Every structure is written in C-alpha cells, then in structure tokens.
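Structure below is start24.cif: mmCIF, C-alpha atoms (C1' of nucleotides).
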data_work
#
loop_
_atom_site.label_atom_id
_atom_site.label_comp_id
_atom_site.auth_asym_id
_atom_site.auth_seq_id
_atom_site.Cartn_x
_atom_site.Cartn_y
_atom_site.Cartn_z
CA MET A 244 99.46 74.77 145.32
CA LYS A 245 96.47 74.91 147.65
CA PHE A 246 95.45 78.13 149.39
CA VAL A 247 95.65 76.77 152.95
CA GLU A 248 99.21 75.55 152.38
CA ALA A 249 100.25 78.78 150.70
CA LYS A 250 98.78 80.81 153.55
CA GLN A 251 100.63 78.70 156.10
CA GLU A 252 103.91 79.02 154.24
CA PHE A 253 103.48 82.76 153.93
CA LEU A 254 102.92 83.12 157.69
CA GLN A 255 106.04 81.04 158.33
CA THR A 256 108.17 82.96 155.85
CA TRP A 257 107.11 86.38 157.02
CA GLY A 258 107.64 85.39 160.63
CA ARG A 259 111.14 84.15 159.89
CA LEU A 260 112.04 87.31 157.96
CA GLY A 261 110.76 89.40 160.84
CA SER A 262 112.93 87.65 163.40
CA GLU A 263 115.98 87.91 161.14
CA TRP A 264 115.41 91.66 161.23
CA GLY A 265 114.96 91.91 164.96
CA ILE A 266 111.16 91.84 165.00
CA ASN A 267 109.29 89.37 167.21
CA ARG A 268 108.31 86.41 165.04
CA THR A 269 104.74 86.31 166.31
CA MET A 270 104.27 90.04 165.80
CA ALA A 271 105.34 89.60 162.17
CA GLN A 272 102.93 86.68 161.78
CA VAL A 273 100.00 88.56 163.27
CA HIS A 274 100.76 91.38 160.88
CA ALA A 275 101.01 88.94 157.95
CA LEU A 276 97.66 87.45 158.89
CA LEU A 277 95.92 90.84 158.94
CA LEU A 278 97.71 91.78 155.73
CA ILE A 279 96.16 88.98 153.71
CA SER A 280 92.76 89.09 155.35
CA PRO A 281 90.08 90.77 153.24
CA LYS A 282 88.15 91.66 156.39
CA PRO A 283 89.03 92.82 159.91
CA LEU A 284 89.82 90.08 162.46
CA THR A 285 89.24 89.67 166.19
CA THR A 286 91.71 88.55 168.83
CA GLU A 287 89.87 85.22 168.78
CA ASP A 288 90.41 84.78 165.03
CA ILE A 289 94.11 85.44 165.45
CA MET A 290 94.43 83.05 168.38
CA VAL A 291 92.85 80.29 166.31
CA ASP A 292 94.69 80.95 163.05
CA LEU A 293 98.13 81.13 164.65
CA SER A 294 97.43 78.74 167.55
CA ILE A 295 98.61 81.21 170.16
CA SER A 296 97.30 82.18 173.58
CA ARG A 297 95.05 85.12 174.30
CA GLY A 298 97.81 86.94 176.18
CA ASN A 299 100.23 86.54 173.34
CA ALA A 300 97.72 87.70 170.73
CA ASN A 301 96.78 90.71 172.83
CA MET A 302 100.38 91.71 173.45
CA ASN A 303 101.41 91.56 169.81
CA LEU A 304 98.31 93.39 168.65
CA ARG A 305 99.11 96.30 170.97
CA GLU A 306 102.68 96.29 169.79
CA LEU A 307 101.49 96.51 166.17
CA LEU A 308 99.16 99.34 167.17
CA SER A 309 102.09 101.21 168.70
CA TRP A 310 103.98 100.83 165.41
CA ASP A 311 100.88 102.20 163.70
CA LEU A 312 100.83 99.20 161.36
CA ILE A 313 97.32 98.10 162.30
CA GLU A 314 94.24 99.80 163.67
CA LYS A 315 91.14 99.01 165.63
CA VAL A 316 87.93 98.84 163.68
CA LEU A 317 84.47 99.08 165.18
CA VAL A 318 81.92 96.74 163.72
CA PRO A 319 78.40 98.09 164.37
CA GLY A 320 76.37 95.82 166.59
CA ASP A 321 79.42 93.94 167.86
CA ARG A 322 81.20 94.50 171.14
CA LYS A 323 84.41 92.82 170.12
CA GLU A 324 87.37 94.77 168.80
CA TYR A 325 88.36 94.11 165.22
CA PHE A 326 91.77 94.80 163.73
CA THR A 327 92.83 95.68 160.24
CA ALA A 328 96.26 96.30 158.68
CA GLU A 329 97.58 99.07 156.52
CA LYS A 330 97.94 97.38 153.13
CA ASP A 331 99.99 99.78 151.03
CA MET A 332 103.55 98.44 150.99
CA TRP A 333 105.13 101.87 150.64
CA GLU A 334 103.18 103.11 153.68
CA ILE A 335 104.23 100.04 155.66
CA ALA A 336 107.88 100.56 154.76
CA LYS A 337 107.67 104.22 155.77
CA LYS A 338 106.09 103.41 159.11
CA VAL A 339 108.67 100.75 159.93
CA ALA A 340 111.52 103.06 158.92
CA LYS A 341 110.09 105.89 161.01
CA GLU A 342 109.71 103.74 164.09
CA ARG A 343 113.11 102.06 163.90
CA LYS A 344 114.77 105.40 163.30
CA ARG A 345 113.13 106.81 166.39
CA ARG A 346 113.71 103.80 168.62
CA GLU A 347 117.16 102.74 167.48
CA LEU A 348 119.04 105.20 165.27
CA GLU A 349 118.34 108.35 167.24
CA PRO A 350 119.54 106.99 170.60
CA VAL A 351 122.75 105.78 168.95
CA ILE A 352 123.41 109.20 167.45
CA LYS A 353 123.04 110.74 170.90
CA VAL A 354 125.62 108.34 172.33
CA LEU A 355 128.06 108.88 169.46
CA ASN A 356 127.85 112.63 169.94
CA ARG A 357 128.80 112.21 173.58
CA LEU A 358 131.61 109.79 172.78
CA GLU A 359 133.23 112.27 170.40
CA GLN A 360 133.96 114.39 173.48
CA VAL A 361 136.48 111.84 174.84
CA GLU A 362 139.48 113.63 176.26
CA ASP A 363 142.88 113.26 174.57
CA SER A 364 145.27 111.49 176.88
CA GLU A 365 148.68 109.83 176.87
CA LYS A 366 147.46 106.70 175.09
CA GLU A 367 148.00 108.47 171.79
CA ALA A 368 147.40 105.95 168.97
CA GLU A 369 144.44 104.23 170.57
CA VAL A 370 142.58 107.41 171.48
CA LYS A 371 143.25 109.02 168.12
CA GLU A 372 141.93 106.00 166.24
CA PHE A 373 138.90 105.87 168.51
CA LYS A 374 138.02 109.51 167.90
CA LYS A 375 138.48 109.10 164.17
CA ARG A 376 136.23 106.04 164.00
CA ILE A 377 133.55 107.55 166.20
CA THR A 378 133.49 110.69 164.10
CA GLU A 379 133.19 108.72 160.87
CA LEU A 380 130.53 106.48 162.34
CA ASN A 381 128.63 109.49 163.57
CA GLU A 382 128.72 111.11 160.15
CA PHE A 383 127.55 107.90 158.55
CA VAL A 384 124.71 107.19 160.95
CA THR A 385 123.61 110.83 160.83
CA LYS A 386 123.46 110.62 157.04
CA MET A 387 121.41 107.43 157.24
CA ASP A 388 119.08 109.20 159.63
CA LYS A 389 118.75 112.17 157.27
CA SER A 390 118.16 109.84 154.33
CA VAL A 391 115.27 108.22 156.16
CA ASP A 392 113.83 111.68 156.86
CA THR A 393 114.15 112.50 153.18
CA MET A 394 112.43 109.27 152.24
CA LEU A 395 109.62 109.95 154.68
CA ARG A 396 109.09 113.37 153.15
CA ALA A 397 109.76 112.10 149.63
CA GLU A 398 106.38 113.03 148.23
CA GLU A 399 106.92 116.68 149.20
CA ASN A 400 110.09 117.05 147.16
CA TRP A 401 109.94 116.89 143.37
CA PHE A 402 113.52 115.71 142.97
CA PHE A 403 113.44 112.86 145.45
CA SER A 404 109.91 112.11 144.51
CA SER A 405 111.10 111.24 141.02
CA ILE A 406 113.93 109.09 142.31
CA ILE A 407 111.57 107.27 144.64
CA LYS A 408 109.26 106.59 141.71
CA MET A 409 112.16 104.85 139.97
CA ILE A 410 112.74 102.60 142.95
CA ARG A 411 109.18 102.26 144.10
CA MET B 149 134.92 111.65 179.50
CA LYS B 150 137.74 109.14 179.92
CA PHE B 151 138.84 106.90 177.05
CA VAL B 152 138.29 103.59 178.87
CA GLU B 153 134.71 104.55 179.75
CA ALA B 154 134.00 105.81 176.25
CA LYS B 155 135.36 102.61 174.74
CA GLN B 156 133.20 100.51 177.06
CA GLU B 157 130.11 102.51 176.24
CA PHE B 158 130.79 102.24 172.54
CA LEU B 159 131.10 98.45 172.75
CA GLN B 160 127.81 98.29 174.65
CA THR B 161 126.00 100.62 172.28
CA TRP B 162 127.17 98.90 169.13
CA GLY B 163 126.32 95.50 170.57
CA ARG B 164 122.81 96.65 171.42
CA LEU B 165 122.27 98.15 167.98
CA GLY B 166 123.46 94.91 166.42
CA SER B 167 121.01 92.78 168.34
CA GLU B 168 118.15 95.16 167.55
CA TRP B 169 118.96 94.49 163.91
CA GLY B 170 119.15 90.73 164.19
CA ILE B 171 122.92 90.48 164.54
CA ASN B 172 124.46 88.54 167.41
CA ARG B 173 125.41 91.03 170.11
CA THR B 174 128.86 89.56 170.65
CA MET B 175 129.60 89.53 166.93
CA ALA B 176 128.76 93.22 166.79
CA GLN B 177 131.01 93.87 169.79
CA VAL B 178 133.95 91.96 168.36
CA HIS B 179 133.53 93.98 165.20
CA ALA B 180 133.35 97.22 167.17
CA LEU B 181 136.51 96.29 169.01
CA LEU B 182 138.45 95.67 165.80
CA LEU B 183 136.97 98.80 164.29
CA ILE B 184 138.46 101.11 166.89
CA SER B 185 141.75 99.25 167.25
CA PRO B 186 144.69 100.94 165.49
CA LYS B 187 146.45 97.58 165.20
CA PRO B 188 145.38 93.99 164.48
CA LEU B 189 144.25 91.93 167.48
CA THR B 190 144.52 88.25 168.44
CA THR B 191 141.78 85.96 169.73
CA GLU B 192 143.40 86.35 173.14
CA ASP B 193 143.10 90.16 173.03
CA ILE B 194 139.44 89.88 172.17
CA MET B 195 138.75 87.33 174.91
CA VAL B 196 140.30 89.66 177.46
CA ASP B 197 138.73 92.92 176.24
CA LEU B 198 135.22 91.52 176.04
CA SER B 199 135.55 88.94 178.83
CA ILE B 200 134.33 86.09 176.68
CA SER B 201 135.47 82.48 176.27
CA ARG B 202 137.86 81.22 173.62
CA GLY B 203 135.09 79.28 171.87
CA ASN B 204 132.84 82.30 171.71
CA ALA B 205 135.59 84.56 170.40
CA ASN B 206 136.57 82.02 167.78
CA MET B 207 133.01 81.47 166.60
CA ASN B 208 132.24 85.16 166.19
CA LEU B 209 135.53 85.84 164.46
CA ARG B 210 134.77 83.20 161.84
CA GLU B 211 131.29 84.59 161.42
CA LEU B 212 132.75 88.05 160.80
CA LEU B 213 135.19 86.51 158.30
CA SER B 214 132.27 84.92 156.46
CA TRP B 215 130.61 88.34 156.25
CA ASP B 216 133.91 89.64 154.88
CA LEU B 217 133.93 92.38 157.52
CA ILE B 218 137.29 91.39 159.00
CA GLU B 219 140.36 89.60 157.73
CA LYS B 220 143.25 87.58 159.03
CA VAL B 221 146.59 89.33 159.14
CA LEU B 222 149.94 87.60 159.39
CA VAL B 223 152.43 89.24 161.67
CA PRO B 224 155.97 88.19 160.69
CA GLY B 225 157.71 86.20 163.41
CA ASP B 226 154.45 85.39 165.19
CA ARG B 227 152.52 82.16 164.95
CA LYS B 228 149.25 83.60 166.23
CA GLU B 229 146.53 84.82 163.91
CA TYR B 230 145.75 88.52 164.00
CA PHE B 231 142.51 90.10 162.86
CA THR B 232 141.75 93.49 161.42
CA ALA B 233 138.51 95.15 160.34
CA GLU B 234 137.50 96.98 157.19
CA LYS B 235 137.28 100.60 158.37
CA ASP B 236 135.54 102.46 155.56
CA MET B 237 131.92 102.88 156.61
CA TRP B 238 130.58 102.82 153.07
CA GLU B 239 132.37 99.53 152.42
CA ILE B 240 131.00 98.09 155.64
CA ALA B 241 127.46 99.13 154.74
CA LYS B 242 127.84 97.59 151.29
CA LYS B 243 129.11 94.31 152.66
CA VAL B 244 126.32 94.04 155.22
CA ALA B 245 123.71 94.88 152.60
CA LYS B 246 125.16 92.32 150.21
CA GLU B 247 125.18 89.56 152.79
CA ARG B 248 121.71 90.20 154.16
CA LYS B 249 120.28 90.41 150.68
CA ARG B 250 121.80 87.04 149.82
CA ARG B 251 120.86 85.33 153.07
CA GLU B 252 117.44 86.82 153.70
CA LEU B 253 115.89 88.76 150.83
CA GLU B 254 116.64 86.33 148.03
CA PRO B 255 115.12 83.27 149.77
CA VAL B 256 111.96 85.28 150.50
CA ILE B 257 111.63 86.30 146.86
CA LYS B 258 111.84 82.64 145.85
CA VAL B 259 109.03 81.75 148.25
CA LEU B 260 106.84 84.67 147.15
CA ASN B 261 107.24 83.62 143.53
CA ARG B 262 106.01 80.16 144.38
CA LEU B 263 103.12 81.48 146.46
CA GLU B 264 101.84 83.56 143.56
CA GLN B 265 101.02 80.24 141.86
CA VAL B 266 98.27 79.44 144.37
CA GLU B 267 95.27 77.96 142.59
CA ASP B 268 92.00 79.89 142.48
CA SER B 269 89.34 78.01 144.41
CA GLU B 270 85.85 78.50 145.80
CA LYS B 271 86.99 80.63 148.71
CA GLU B 272 86.80 83.67 146.47
CA ALA B 273 87.43 86.77 148.60
CA GLU B 274 90.16 85.26 150.73
CA VAL B 275 92.14 83.78 147.85
CA LYS B 276 91.80 86.91 145.75
CA GLU B 277 93.07 89.12 148.56
CA PHE B 278 95.92 86.72 149.22
CA LYS B 279 97.07 86.73 145.60
CA LYS B 280 96.87 90.51 145.44
CA ARG B 281 98.92 90.97 148.62
CA ILE B 282 101.53 88.40 147.62
CA THR B 283 101.92 90.04 144.22
CA GLU B 284 102.35 93.49 145.75
CA LEU B 285 104.75 92.19 148.35
CA ASN B 286 106.73 90.41 145.68
CA GLU B 287 106.97 93.57 143.59
CA PHE B 288 108.07 95.54 146.62
CA VAL B 289 110.67 93.08 147.85
CA THR B 290 112.01 92.62 144.33
CA LYS B 291 112.41 96.39 144.02
CA MET B 292 114.24 96.52 147.34
CA ASP B 293 116.49 93.76 146.09
CA LYS B 294 117.19 95.63 142.84
CA SER B 295 117.85 98.83 144.79
CA VAL B 296 120.48 97.07 146.84
CA ASP B 297 122.09 95.80 143.62
CA THR B 298 122.10 99.33 142.28
CA MET B 299 123.67 100.62 145.46
CA LEU B 300 126.33 97.92 145.34
CA ARG B 301 127.20 98.92 141.79
CA ALA B 302 126.72 102.62 142.50
CA GLU B 303 130.24 103.67 141.65
CA GLU B 304 129.89 102.19 138.15
CA ASN B 305 126.94 104.39 137.26
CA TRP B 306 127.38 108.15 136.90
CA PHE B 307 123.80 108.96 137.75
CA PHE B 308 123.48 106.92 140.92
CA SER B 309 127.04 107.71 141.78
CA SER B 310 126.05 111.37 142.07
CA ILE B 311 123.00 110.58 144.17
CA ILE B 312 125.07 108.39 146.46
CA LYS B 313 127.53 111.23 146.91
CA MET B 314 124.67 113.38 148.16
CA ILE B 315 123.68 110.80 150.74
CA ARG B 316 127.11 109.50 151.54
"C1'" DT C 150 73.41 96.71 190.24
"C1'" DT C 151 74.40 92.43 188.61
"C1'" DA C 152 75.95 89.59 185.20
"C1'" DA C 153 78.01 88.71 180.96
"C1'" DA C 154 81.34 89.79 177.45
"C1'" DC C 155 85.42 91.10 176.47
"C1'" DT C 156 90.42 92.93 177.33
"C1'" DT C 157 94.59 93.35 179.92
"C1'" DT C 158 98.11 91.90 183.07
"C1'" DC C 159 101.82 89.22 184.86
"C1'" DA C 160 104.17 85.39 187.36
"C1'" DA C 161 105.53 81.03 186.05
"C1'" DA C 162 107.05 77.92 182.47
"C1'" DA C 163 108.67 76.72 178.08
"C1'" DG C 164 111.60 77.36 174.32
"C1'" DC C 165 115.39 79.24 172.08
"C1'" DT C 166 119.98 81.24 171.41
"C1'" DA C 167 124.47 82.20 173.08
"C1'" DT C 168 128.29 80.85 175.83
"C1'" DT C 169 131.50 77.99 178.12
"C1'" DG C 170 135.51 75.16 178.53
"C1'" DA C 171 137.67 70.98 178.04
"C1'" DA C 172 139.08 67.84 174.54
"C1'" DA C 173 140.45 67.01 169.92
"C1'" DG C 174 142.81 68.67 165.96
"C1'" DC C 175 146.04 71.05 163.49
"C1'" DT C 176 150.76 73.17 162.55
"C1'" DT C 177 155.21 74.58 163.69
"C1'" DT C 178 159.30 74.13 166.32
"C1'" DT C 179 162.88 71.58 168.61
"C1'" DA D 135 158.88 62.16 166.29
"C1'" DA D 136 157.72 64.46 170.32
"C1'" DA D 137 156.36 68.63 172.33
"C1'" DA D 138 154.62 73.15 172.30
"C1'" DG D 139 151.61 76.59 170.56
"C1'" DC D 140 147.65 77.71 168.69
"C1'" DT D 141 142.75 76.90 166.63
"C1'" DT D 142 138.46 74.50 166.27
"C1'" DT D 143 134.65 71.75 167.87
"C1'" DC D 144 130.66 70.58 170.50
"C1'" DA D 145 127.93 68.76 174.42
"C1'" DA D 146 126.43 70.78 178.44
"C1'" DT D 147 124.66 74.78 180.52
"C1'" DA D 148 123.47 79.42 181.38
"C1'" DG D 149 120.75 83.24 180.25
"C1'" DC D 150 117.43 85.56 177.69
"C1'" DT D 151 113.03 86.05 175.26
"C1'" DT D 152 108.59 84.52 174.37
"C1'" DT D 153 104.45 82.34 175.60
"C1'" DT D 154 100.89 80.73 178.51
"C1'" DG D 155 96.67 80.97 181.06
"C1'" DA D 156 94.33 82.14 184.99
"C1'" DA D 157 93.05 86.12 187.53
"C1'" DA D 158 92.04 90.90 187.67
"C1'" DG D 159 90.17 94.71 185.30
"C1'" DT D 160 86.92 97.08 182.33
"C1'" DT D 161 82.91 97.99 179.64
"C1'" DT D 162 78.31 97.05 178.06
"C1'" DA D 163 73.85 94.84 178.51
"C1'" DA D 164 70.03 93.13 181.12
#
Mind converting the file's structure to structure tokens?
Amino acid sequence: MKFVEAKQEFLQTWGRLGSEWGINRTMAQVHALLLISPKPLTTEDIMVDLSISRGNANMNLRELLSWDLIEKVLVPGDRKEYFTAEKDMWEIAKKVAKERKRRELEPVIKVLNRLEQVEDSEKEAEVKEFKKRITELNEFVTKMDKSVDTMLRAEENWFFSSIIKMIR
Amino acid sequence: MKFVEAKQEFLQTWGRLGSEWGINRTMAQVHALLLISPKPLTTEDIMVDLSISRGNANMNLRELLSWDLIEKVLVPGDRKEYFTAEKDMWEIAKKVAKERKRRELEPVIKVLNRLEQVEDSEKEAEVKEFKKRITELNEFVTKMDKSVDTMLRAEENWFFSSIIKMIR
DNA sequence: TTAAACTTTCAAAAGCTATTGAAAGCTTTT
DNA sequence: AAAAGCTTTCAATAGCTTTTGAAAGTTTAA
C-alpha cells in the first residue's frame, strides 16, 4: 500500500469515526492531519490537503484549539500561524473526556437533579416510575462523571494508576 | 415542578444528549419514553406522546430493537404490538457499549491494521511519522476494545467485578 | 501611514439526515 | 375470501448542519 493512499484512507476513517461520535467530520480530519504530520502546518496546508475553504479550515482549527487538542506554534521569521497536535494518545483521550464531560455530562446532571424534585400527584404509577428512573439515571450518570474525574487524576492515585496501566 | 413538565424536559434532555453522542435524537426520545413508562406502549402511544409520524415511530422502534434496548411484548387479547425497555442502567450501558464497539470500533481496527502495512518510501520523515502514529493509535484503540470486552464480561471475573462495583 | 500579509466573520448556498404520509404488505377476524 | 386492523416501506420533502468565499478586520512590514 502506497503512503498517499494510506494517508487518504486514514483521513476518511478518522473523519467517519468522529462523526459517529458526534464530532464534526472535518474537525476530526483536521486533527488527523496534524496528528500524522511530522511538522507544524499552516491554514493553507490544511486547506490544500483536505480541499476545504479558508473559512472552514479556520473554524475547525479554532474549535480544536478550544478543545486543547492542538496549539499554535510560532515559526521564527514567518508571519503565518502554524498548528501542531498533541500526539500522546492517552493525553488526547483525557482531553476529549474532560471536554465532553464539561459540555455534555455536567449539564445533564444538573437537569436530572432538578427533575428529581417533581411533585407527587394523583397519577400514582406514572409519577412513581418516573421518579425511580430519574433517580437511577442520576446515580448512574453521576458515577460516570466521577469515573471520568478519577481517570483524569489517575496518575495521582497509586491504586487507579496501576489499573490504568493495565488498560493503557 | 409538575410531572408533565418534568417528563417533557426529560425527553428533550435525553434527546439532546443522544444527538451529542451520535445517536438519532428521536431514537433517544423513544427510548426515554419507554424507559419512564410503567407499562408497555404501542406505536400509537409513541406517535402521540412525541408528536411524530407513524413511519418515524416505526423506524426508530426497529432501530432500538436492533440495539436490543427494547423488546416487543404481547398483550393477551390485543392484536397491537407493545414495546417495553430494558430498565437496568448497567445493562443499558453494556448493550450500548457492545453495539458501538461492533459497529464502529471494530471496523476502525481493521483499517488501522491494514494501514500499518504502508510501504516505506523516499518520503522519509512523513512516512515514518505516519507509521508511528498509526501504530500508537492501533494499540490505543485495540486496548479500548479489549477494555470494553472486559467490562462486558465483568461479572465473570472476581477482580474486575470488584472494581466495577466501586464504579457502578 | 500605506500597503501587504494574514486571519476572522457571516450570509448565502450546498449537502446531508430525519421525517412525513400515503400506499403496499401482512395477519387476523368475520 | 373479503374486510378490518395493524405494520412496513419509501419517494418526496422539510429541516438542520456544514461549507463556501468574499468582505471586513487585524497585524506587521516598508
């Protein structure tokens, strides 16, 4: 298999996986591109490699910056901005987990907490079941949330640190 | 907070979370509806509660069946099909993990394995970096995949069983 | 201070995914 | 065997998300 084909297939595959997990396909592809590049790239490079517009490239680069998955690099004697990606897979996983937790899990927990306060009424069976399910869901999601915290602080804790090493 | 409002907000919230995680919003809402219902529901019930068309309801119900998250229930003396959802959160999580692993992780691992076979060429730095990243990614995704397997078989293994109990 | 180089914005357009609803297809009842 | 009751299909369409590209904005160089 030739490099150019392999590269192309990787960009496709990573983009598809991203969109299956609720991440913009192009954002995943820009990230993939920076991931396999041995040197920092400019907006121009990314536009050319992925055949996308300047606006699109710019937008997805800022989004990746906000996820802290890439960073700007200054190349001495050049006015252009260069970008480079975090390459350690464990770091990437941690950053994604952290961001999704903050953006998605935490707001849901807030809502579930409020919903547990539903008042008991006449509609016995329905309301009882609702409260039961919400409570269970809340416990579950809260535990997921805590597990992510634990993972993020894994290195600080000898016990989890050793479990992580088994999985890692 | 009134029950009807709480129910509505729950359906909204769960639908939004679903779509953030790459699951059709309506599918998540149908699931949510069955999750909080103390008794099995018909297609008609679901159409009314979510204000969706028959075709849409039918399609998402079959999708949920294929994920093994809901099942058909026969009510004696009634020709209609009723549906009911698995209610144990741990079971739900396991089924979702199992399905996504099969549909998304496994195909990616196959591709990564193929991409590792890229031939070394003149373009030294680029190809070398590519191979390195693909290998690391492959190791990482394979470990994720194995971790999911371990989780799915958690109850069979005393050691992981005890860890799961801590998280669960 | 003017011009050039580069980045950001955003309204319009394209592209994609989800939804509708009527028709076709089953299965059970009469 | 005809009708009624219910489920499934799918082409058309609606609605949402992404992308474009030109214009505006910003920074550096001359």
Inset, instruction - Using only C-alpha atoms (C1' of nucleotides), find which residues of chain B lie within 9 Å of chain C and jot them down as a PyMOL selection string. - result: chain B and resi 172+174+200-204+227
Inset, instruction - May I have the residues within 7 Å of stretch 339-344 of chain A as a list of chain:residue names, using only C-alpha atoms (C1' of nucleotides) and disregarding those fewer than 4 positions away in the same chain? - result: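 That gives A:Trp310, A:Ile335, A:Leu348, A:Glu349, A:Asp388, A:Val391.
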Inset, instruction - Identify every residue of chain D that has at least one atom within 10 Å of any atom of chain B, counting all atoms listed in the file, and report the result as a PyMOL selection string. - result: chain D and resi 139-144
Contacts between chain B and chain A, please, where a residue of chain A counts if it comes within 6 Å (with all atoms listed in the file); show its shortest atom pair and distance in Å to one decimal, rows by chain and ascending number, as a Markdown table.
| residue | atom | partner | partner_atom | distance |
| --- | --- | --- | --- | --- |
| A:Met244 | CA | B:Val266 | CA | 4.9 |
| A:Lys245 | CA | B:Val266 | CA | 5.9 |
| A:Phe246 | CA | B:Val266 | CA | 5.9 |
| A:Ala249 | CA | B:Leu263 | CA | 5.8 |
| A:Glu263 | CA | B:Gly170 | CA | 5.2 |
| A:Trp264 | CA | B:Gly170 | CA | 4.9 |
| A:Gly265 | CA | B:Gly170 | CA | 4.4 |
| A:Ile279 | CA | B:Phe278 | CA | 5.0 |
| A:Pro281 | CA | B:Glu277 | CA | 5.8 |
| A:Leu358 | CA | B:Ala154 | CA | 5.8 |
| A:Val361 | CA | B:Met149 | CA | 4.9 |
| A:Glu362 | CA | B:Met149 | CA | 5.9 |
| A:Glu372 | CA | B:Pro186 | CA | 5.8 |
| A:Phe373 | CA | B:Ile184 | CA | 5.0 |
Inset, instruction - For atom CA of B:Ile218 and atom CA of B:Glu234, quote the distance in Å rounded to one decimal. - result: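 Pair atom CA of B:Ile218 / atom CA of B:Glu234 returns 5.9 Å.
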Legend entry - Neighbour list for B:Thr232 as a PyMOL selection string, cut-off 6 Å, all atoms listed in the file, skip fewer than 2 positions in-chain: chain B and resi 182+188+218-219
Legend entry - Atomic separation - atom CA of A:Asn381 relative to atom CA of A:Asn356, Å: 7.1 Å
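The coordinates place atom CA of B:Val178 at 26.6 Å from atom CA of B:Met299.
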